[in-house]
$ cat structure_10.cif   # mmCIF, C-alpha atoms
data_upload
#
loop_
_atom_site.group_PDB
_atom_site.id
_atom_site.type_symbol
_atom_site.label_atom_id
_atom_site.label_comp_id
_atom_site.auth_asym_id
_atom_site.auth_seq_id
_atom_site.Cartn_x
_atom_site.Cartn_y
_atom_site.Cartn_z
ATOM 1 C CA MET A 1 0.000 0.000 0.000
ATOM 2 C CA ARG A 2 1.391 3.372 -1.053
ATOM 3 C CA ALA A 3 1.315 6.305 1.331
ATOM 4 C CA LYS A 4 -0.464 9.295 -0.047
ATOM 5 C CA PHE A 5 1.532 12.520 0.209
ATOM 6 C CA ASP A 6 -0.677 15.555 0.632
ATOM 7 C CA LEU A 7 0.886 18.759 -0.727
ATOM 8 C CA TYR A 8 -1.628 21.130 0.866
ATOM 9 C CA PRO A 9 -0.030 21.181 4.381
ATOM 10 C CA CYS A 10 3.406 21.697 2.823
ATOM 11 C CA ILE A 11 2.186 24.601 0.721
ATOM 12 C CA VAL A 12 0.498 26.248 3.714
ATOM 13 C CA ALA A 13 3.585 25.765 5.910
ATOM 14 C CA THR A 14 5.836 27.229 3.209
ATOM 15 C CA ALA A 15 3.549 30.244 2.750
ATOM 16 C CA ILE A 16 3.537 30.911 6.499
ATOM 17 C CA PHE A 17 7.305 30.517 6.728
ATOM 18 C CA LEU A 18 8.078 32.765 3.749
ATOM 19 C CA GLY A 19 5.277 35.244 4.330
ATOM 20 C CA GLY A 20 6.981 37.149 7.148
ATOM 21 C CA CYS A 21 8.961 39.715 5.146
ATOM 22 C CA ALA A 22 8.632 41.154 1.670
ATOM 23 C CA THR A 23 10.747 43.885 0.071
ATOM 24 C CA MET A 24 10.455 45.625 -3.294
ATOM 25 C CA GLY A 25 12.965 48.111 -4.691
ATOM 26 C CA ASN A 26 15.964 49.711 -3.002
ATOM 27 C CA LYS A 27 15.716 51.740 0.193
ATOM 28 C CA LEU A 28 16.140 55.450 -0.516
ATOM 29 C CA ASP A 29 18.681 57.492 1.442
ATOM 30 C CA SER A 30 16.592 60.418 2.700
ATOM 31 C CA ASP A 31 19.726 62.539 3.253
ATOM 32 C CA ALA A 32 20.623 62.126 -0.424
ATOM 33 C CA VAL A 33 17.059 62.975 -1.472
ATOM 34 C CA HIS A 34 17.185 66.198 0.564
ATOM 35 C CA ARG A 35 20.386 67.228 -1.258
ATOM 36 C CA ILE A 36 18.462 67.428 -4.549
ATOM 37 C CA GLN A 37 18.066 71.047 -5.640
ATOM 38 C CA LYS A 38 15.493 72.137 -8.202
ATOM 39 C CA GLY A 39 17.122 73.796 -11.217
ATOM 40 C CA VAL A 40 20.625 72.763 -10.084
ATOM 41 C CA THR A 41 20.957 68.977 -9.616
ATOM 42 C CA THR A 42 21.408 66.962 -12.811
ATOM 43 C CA ARG A 43 19.973 63.581 -13.682
ATOM 44 C CA ALA A 44 23.483 62.083 -13.563
ATOM 45 C CA GLN A 45 23.966 63.424 -10.015
ATOM 46 C CA VAL A 46 20.610 62.011 -8.855
ATOM 47 C CA GLU A 47 21.452 58.616 -10.336
ATOM 48 C CA ALA A 48 24.935 58.724 -8.739
ATOM 49 C CA MET A 49 23.283 59.282 -5.323
ATOM 50 C CA LEU A 50 20.291 56.928 -5.653
ATOM 51 C CA GLY A 51 21.008 54.634 -8.574
ATOM 52 C CA PRO A 52 18.864 54.408 -11.694
ATOM 53 C CA PRO A 53 15.117 54.889 -11.216
ATOM 54 C CA GLY A 54 12.780 51.917 -11.298
ATOM 55 C CA MET A 55 10.847 53.584 -14.095
ATOM 56 C CA MET A 56 11.543 56.485 -16.454
ATOM 57 C CA SER A 57 8.695 58.045 -18.440
ATOM 58 C CA LEU A 58 8.589 60.600 -21.218
ATOM 59 C CA LEU A 59 5.964 63.250 -20.498
ATOM 60 C CA PRO A 60 3.885 64.804 -23.332
ATOM 61 C CA ASP A 61 5.785 68.113 -23.121
ATOM 62 C CA GLY A 62 9.194 66.417 -23.574
ATOM 63 C CA ARG A 63 10.212 66.358 -19.914
ATOM 64 C CA ARG A 64 11.195 63.065 -18.287
ATOM 65 C CA GLN A 65 9.913 61.650 -15.013
ATOM 66 C CA GLY A 66 11.916 59.181 -12.942
ATOM 67 C CA MET A 67 10.138 57.064 -10.315
ATOM 68 C CA TYR A 68 11.788 55.383 -7.331
ATOM 69 C CA ILE A 69 9.703 53.057 -5.139
ATOM 70 C CA PHE A 70 10.720 51.106 -2.045
ATOM 71 C CA SER A 71 8.239 48.964 -0.131
ATOM 72 C CA GLN A 72 8.913 46.650 2.797
ATOM 73 C CA THR A 73 6.607 44.605 5.019
ATOM 74 C CA LYS A 74 7.877 42.928 8.179
ATOM 75 C CA GLY A 75 6.077 40.944 10.822
ATOM 76 C CA ASP A 76 6.740 41.636 14.505
ATOM 77 C CA ALA A 77 7.799 38.881 16.945
ATOM 78 C CA LEU A 78 4.222 37.712 17.598
ATOM 79 C CA PHE A 79 3.584 37.557 13.847
ATOM 80 C CA TYR A 80 6.122 34.719 13.636
ATOM 81 C CA THR A 81 4.763 32.768 16.628
ATOM 82 C CA PRO A 82 2.622 29.838 15.472
ATOM 83 C CA TYR A 83 -1.016 29.962 16.566
ATOM 84 C CA VAL A 84 -0.446 33.181 18.569
ATOM 85 C CA ASN A 85 -0.263 35.127 15.293
ATOM 86 C CA TYR A 86 -3.944 34.369 14.701
ATOM 87 C CA PHE A 87 -4.871 36.481 17.732
ATOM 88 C CA ALA A 88 -2.012 38.969 18.174
ATOM 89 C CA GLY A 89 0.990 40.380 16.398
ATOM 90 C CA GLY A 90 1.067 42.580 13.367
ATOM 91 C CA THR A 91 3.144 44.029 10.588
ATOM 92 C CA ILE A 92 5.236 47.083 9.920
ATOM 93 C CA ASN A 93 4.810 48.423 6.374
ATOM 94 C CA ARG A 94 7.239 51.033 5.066
ATOM 95 C CA LYS A 95 6.844 52.785 1.725
ATOM 96 C CA GLN A 96 9.119 55.341 0.111
ATOM 97 C CA THR A 97 8.357 57.026 -3.202
ATOM 98 C CA LEU A 98 10.328 59.631 -5.106
ATOM 99 C CA GLN A 99 9.169 61.244 -8.335
ATOM 100 C CA VAL A 100 11.716 63.418 -10.119
ATOM 101 C CA VAL A 101 10.827 65.552 -13.158
ATOM 102 C CA TYR A 102 13.734 66.521 -15.446
ATOM 103 C CA LYS A 103 13.860 69.227 -18.094
ATOM 104 C CA ASP A 104 17.010 69.057 -20.226
ATOM 105 C CA ASP A 105 18.444 66.540 -17.701
ATOM 106 C CA VAL A 106 18.197 69.028 -14.794
ATOM 107 C CA VAL A 107 15.773 68.492 -11.898
ATOM 108 C CA GLN A 108 12.754 70.722 -12.446
ATOM 109 C CA ASP A 109 10.660 69.323 -9.597
ATOM 110 C CA TYR A 110 10.535 66.367 -7.228
ATOM 111 C CA GLU A 111 8.268 64.881 -4.574
ATOM 112 C CA PHE A 112 9.408 62.503 -1.809
ATOM 113 C CA SER A 113 7.204 60.480 0.533
ATOM 114 C CA ASP A 114 8.377 58.198 3.363
ATOM 115 C CA THR A 115 5.727 56.580 5.569
ATOM 116 C CA THR A 116 5.539 53.686 7.987
ATOM 117 C CA GLU A 117 2.318 51.916 8.933
ATOM 118 C CA HIS A 118 2.051 49.746 12.021
ATOM 119 C CA THR A 119 -0.775 47.234 11.685
ATOM 120 C CA SER A 120 -2.023 45.279 14.665
ATOM 121 C CA GLY A 121 -2.928 41.786 13.579
ATOM 122 C CA GLY A 122 -4.997 38.932 14.733
ATOM 123 C CA LEU A 123 -8.650 38.168 14.416
ATOM 124 C CA PHE A 124 -9.784 40.673 17.007
ATOM 125 C CA ASN A 125 -7.377 43.560 16.543
ATOM 126 C CA ALA A 126 -6.946 44.353 12.837
ATOM 127 C CA HIS A 127 -6.245 48.039 12.339
ATOM 128 C CA GLY A 128 -3.401 50.219 11.166
ATOM 129 C CA GLN A 129 -2.009 53.689 11.596
ATOM 130 C CA ALA A 130 0.299 55.429 9.144
ATOM 131 C CA VAL A 131 2.991 57.657 10.616
ATOM 132 C CA PRO A 132 5.771 59.613 8.891
ATOM 133 C CA THR A 133 9.139 57.906 9.128
ATOM 134 C CA PRO A 134 11.902 59.958 10.777
ATOM 135 C CA ALA A 135 14.532 61.024 8.251
ATOM 136 C CA ASP A 136 17.270 59.157 10.097
ATOM 137 C CA LYS A 137 15.811 55.661 9.540
#
$ encode --input "structure_10.cif" --output "structure tokens"
Amino acid sequence: MRAKFDLYPCIVATAIFLGGCATMGNKLDSDAVHRIQKGVTTRAQVEAMLGPPGMMSLLPDGRRQGMYIFSQTKGDALFYTPYVNYFAGGTINRKQTLQVVYKDDVVQDYEFSDTTEHTSGGLFNAHGQAVPTPADK
């Protein structure tokens, strides 16, 4: 008699194990972002400080727009505790976005956002609150 191997428990266990942290993009150095000067800083200087943007678009008027995005989700200690995570624990979600508009390869305008959201987890305590991230993190 052959033993039947059920993949479902393995898939669920793998998803729980790997589901604790997810990161997209490269973390932006807020000090470098604050050194950008409109009408002065060039595209080459921005890319030397932050690397190439994740996306570069050509705007209808001929200007270019570079987009940098960083997103990270981490579970707290209770999030990783089996069974307890159903009732307690939570996640920390951080998102950074930077949009830079260039005219003739010089920064014409930019907008930077850096927020962190703490989400309480569990069946009975699911809510979140977004707070600005201090520049030194």
$ resolve_selection --input "structure_10.cif" --expression "the PyMOL selection byres ((chain A and resi 105) around 6)" --output "list in words"
Thr42, Arg43, Tyr102, Lys103, Asp104 and Val106 of chain A
$ resolve_selection --input "structure_10.cif" --expression "the PyMOL selection byres ((chain A and resi 26-32) around 6)" --output "count of residues only"
6
$ closest_residue --input "structure_10.cif" --among "A:Lys38, A:Tyr110, A:Ser71, A:Glu117" --to "Thr91 in chain A" --atoms "only C-alpha atoms"
A:Glu117
$ closest_residue --input "structure_10.cif" --among "A:Thr73, A:Ser113, A:Gln45, A:Thr23" --to "Ile92 in chain A" --atoms "all atoms listed in the file"
A:Thr73
$ atom_distance --input "structure_10.cif" --atom1 "CA of Ser57 in chain A" --atom2 "CA of Gln99 in chain A"
10.6 Å
$ atom_distance --input "structure_10.cif" --atom1 "CA of Gly51 in chain A" --atom2 "CA of Lys74 in chain A"
24.3 Å
$ atom_distance --input "structure_10.cif" --atom1 "CA of Asp114 in chain A" --atom2 "CA of Arg94 in chain A"
7.5 Å
$ closest_residue --input "structure_10.cif" --among "A:Gly66, A:Glu111, A:Ala22, A:Pro60" --to "Val46 in chain A" --atoms "all atoms listed in the file"
A:Gly66
$ closest_residue --input "structure_10.cif" --among "A:Leu59, A:Ala48, A:Met24, A:Ile69" --to "Ile36 in chain A" --atoms "only C-alpha atoms"
A:Ala48
